[in-house]
Amino acid sequence: MHVLTTPPFAGTDRGQQLFQAHSGGVWRAFTLVFALAFTLGCGATPPAYFRLNMVEATKQHLTTQQEEQVSTVLLAMFGTPDEPATLPEMGLDAAKLKLAAGPVRSDIVGRKNGLYREHCAHCHGITGDGLGPTSAFLNPYPRDYRPGVFKFKSTERADKPTHADLLRILHNGIAGTSMPSFALLSTAQIDALAEYVKYLSIRGETELSLMRAFFELDDDAAGKLPQTREFLVTETLAVAAAKWQGASAAQIAVPPMPADIELVDSIAKGRTLFYGEKANCVKCHGVTGLGDGQANDYDDWNKAIVEADKEVTGGERRAQEAQTSGMSPEELKEHREQIAWLEKFTRVLDGDALKPRTIPPRNLRQGVYRGGRRPLDLYYRIHAGINGAPMPAGKGTIPPEDIWHIVNYIRSLPYEFDGELGADRPLVARDRF
Amino acid sequence: MRSRLLGIIWSLVFLAVPVLGVATFAIAPAFDIWLPKNVSEHGPTVDGLFMFILVLTGVVFVVTEGLLFWFLWKYDAAHAQGPATYRHGSHSLEVVWTILPAGVLLFLAIYQMNSWADIKMRRPAMSPTVEVVGRQFEWRLRYPGRDGMLGTPDDLFIVNDLHVPVDEDILVQLKSADVLHSFFLPNLRIKQDAVPGMKIPVWFKATQTGEFDIVCAELCGWGHYKMKGHITIESREDFDSWIEKKYAEQESTQPVAEPSDAVAIAD
């Protein structure tokens with residue numbers, strides 16, 4: 001006030017006073033801001049929460065009350081991202097989950113905690129829905145664990161991967177995708193992360209079953225899930241968890257590679273099979289093996305979004321074409337509800353689903369093998385196919401020794417005349433000295 | 001009238017800069033915050049150049065900061081009460097302090113030429129020991145295998161775990177799969193950008209065995225800080241047996257119980 005009412009610079013002394021009054025105010029304000037920032041920190045972070053699978057909830061026409069029911073049940077069984085809970089039926093190690101969950105921090109003995117959020121959540125999201133902040137920029141998109149479908153494993157197509165399979169992926173990364181290697185993490189840390197991935201996956205699958213269960217409810221249930229342990233745990237959660245526990249028993253038995261055949265002959269046989277009717281690899285991987293065959297298919301995750309998009313587009317067209325003038329009040333009400341649902345689904349898909357992308361068949365001449373480059377890995381891929389992707393299982397149609405021939409042929413492709421690894425071109429630096 | 005005390009405090013603050021600056025460098029080796037241990041043949045040359053330039057700039061730093069202190073002390077308004085006088089300056093002084101640094105820079109440019117050529121130009125005549133591909137956020141390695149040629153079916157593929165034999169010329173063929181990275185081996189005094197679309201040769205000769213870090217020294221994305229690798233310098237026999245072991249693993253047709261290649265690093 002004093003500053004404002006005094007004529008400015010009414011003499012040197014006046015000016016000096018003015019300056020001091022001013023700078024005093026600035027200093028006071030500065031100190032205040034600094035002290036506030038120091039005591040409050042840069043804003044407290046709100047606690048992390050699991051996002052509801054809104055695409056599925058909307059698809060199943062769940063009401064807000066029903067969505068809340070699912071959230072409550074999941075919260076009771078699985079806890080929060082900061083405080084994960086376990087039930088014996090999950091078959092998970094709570095100590096490992098604790099190491100992986102929560103914000104990044106060090107515990108009382110200086111061990112790093114919050115590993116999932118440090119290394120994985122960027123892409124795979126806190127919920128494991130593959131919707132982390134960087135997900136939209138990646139091709140292929142990061143895995144959504146919630147459907148419980150995993151591609152690269154040593155088990156039959158429909159089975160879960162073994163714990164060792166998950167460790168292997170974490171250790172080696174997935175060449176050709178944005179998944180890097182975590183080989184420099186300690187064995188215990190990788191182990192904890194694999195356990196947490198299972199936890200997120202079991203949680204996601206339980207969520208899906210709960211949402212789908214509303215559809216089968218009796219009319220007298222009044223839209224409420226049975227609140228019994230038998231239904232919630234034994235019939236829902238335990239079913240999802242049991243598949244993980246049975247995984248290592250479901251490992252594919254691999255017969256030895258046929259030893260009584262020269263490699264060149266095996267490759268020649270593999271080539272015949274590759275182009276043959278039975279294996280028919282050319283259909284997708286192309287006659288040149290460059291992955292330029294049929295390439296307009298989607299993997300399961302993207303297919304779900306494509307179908308939802310179709311449902312919305314079709315629904316909108318039908319709603320527009322409908323003649324509202326001739327409708328009875330009940331029909332009109334239903335029509336309006338349908339329009340409201342379509343609007344909601346559009347919103348949900350805009351926010352919670354990435355733009356669908358087709359899955360190109362692998363270019364076999366690059367020598368980049370996502371699930372691993374060991375002959376064993378390729379055997380698994382051909383035997384069991386790739387779960388969630390259009391690659392079918394060769395099991396049953398292709399005898400094991402023929403699978404080995406195809407493996408040998410495929411491994412020779414990058415080094416053929418138009419393979420990418422074949423040309424060992426000289427280094428670029430000029431020898432000037 | 002301002003007190004003499006304020007002038008003294010500010011002068012001393014400015015004096016503290018060169019004193020503490022020099023002291024930090026003097027005690028750094030004792031606290032192990034000095035240069036990382038050198039294990040490469042050309043390392044002493046690089047470190048020698050570094051020390052030479054450090055001493056040169058250090059002297060200039062101390063003199064400049066000393067002058068700053070002296071001016072603050074001498075011309076403090078609290079006791080230097082006379083009116084300010086105008087001076088044009090010294091023409092000859094300006095000529096000296098222009099020509100002297102120019103001469104020093106020219107000397108440095110010529111003096112380091114041979115070392116630069118050794119490290120960046122005179123590539124050993126050999127095929128690459130290993131190909132290193134930087135990728136967000138890992139180092140993918142490819143060894144040429146038994147035939148010594150990259151691009152043949154016996155190539156060995158490894159991630160993040162570089163092994164090289166000691167006391168031998170090592171030629172790395174450096175590439176990038178996506179964006180700019182920088183292949184930095186602090187203990188081997190090697191730093192080279194990896195540029196997409198280029199094969200860049202990098203060479204060194206390790207003089208001691210041991211395990212050290214590979215880090216990325218070019219901001220390459222959100223995971224840049226953890227784009228780390230591991231280099232093991234070992235005897236020729238150990239190196240050969242490691243290659244054999246890894247190759248057998250890569251060619252395995254039957255499952256093994258555990259991924260045996262876990263690099264043991266304490267968390």
# chains A, B, ... in the order shown; residues from 1 in each chain; ligands from 1
call {"tool": "residues_around", "arguments": {"residues": "B:Met198", "least_positions_apart": "3", "cutoff": "8 Å", "atoms": "only C-alpha atoms", "output": "list of chain:residue names"}}
result
A:Val428, B:Leu174, B:Lys175, B:Ser176, B:Ala194, B:Val195
call {"tool": "residues_around", "arguments": {"residues": "A:Tyr298", "least_positions_apart": "4", "cutoff": "7 Å", "atoms": "only C-alpha atoms", "output": "compact mmCIF listing (two decimals) with C-alpha atoms, in the first residue's frame"}}
result
# COMPACT_ATOMS: atom_id res chain seq x y z
CA ASN A 302 -6.89 -56.08 -32.18
CA LYS A 303 -9.66 -58.30 -33.53
CA ARG A 357 -3.53 -52.77 -36.52
CA THR A 358 -3.22 -55.84 -38.71
CA ILE A 359 -0.59 -58.38 -37.81
call {"tool": "atom_distance", "arguments": {"atom1": "atom CA of A:Gly367", "atom2": "atom CA of A:Asn139"}}
result
18.4 Å
call {"tool": "closest_residue", "arguments": {"among": "A:Thr45, A:Leu208, A:Pro81, A:His405", "to": "A:Val264", "atoms": "only C-alpha atoms"}}
result
A:His405
call {"tool": "closest_residue", "arguments": {"among": "B:Ile233, B:Ala117, B:Ala84, B:Val133", "to": "chain A", "atoms": "only C-alpha atoms"}}
result
B:Ala117
call {"tool": "atom_distance", "arguments": {"atom1": "atom CA of B:Cys220", "atom2": "atom CA of B:Asp161"}}
result
19.9 Å
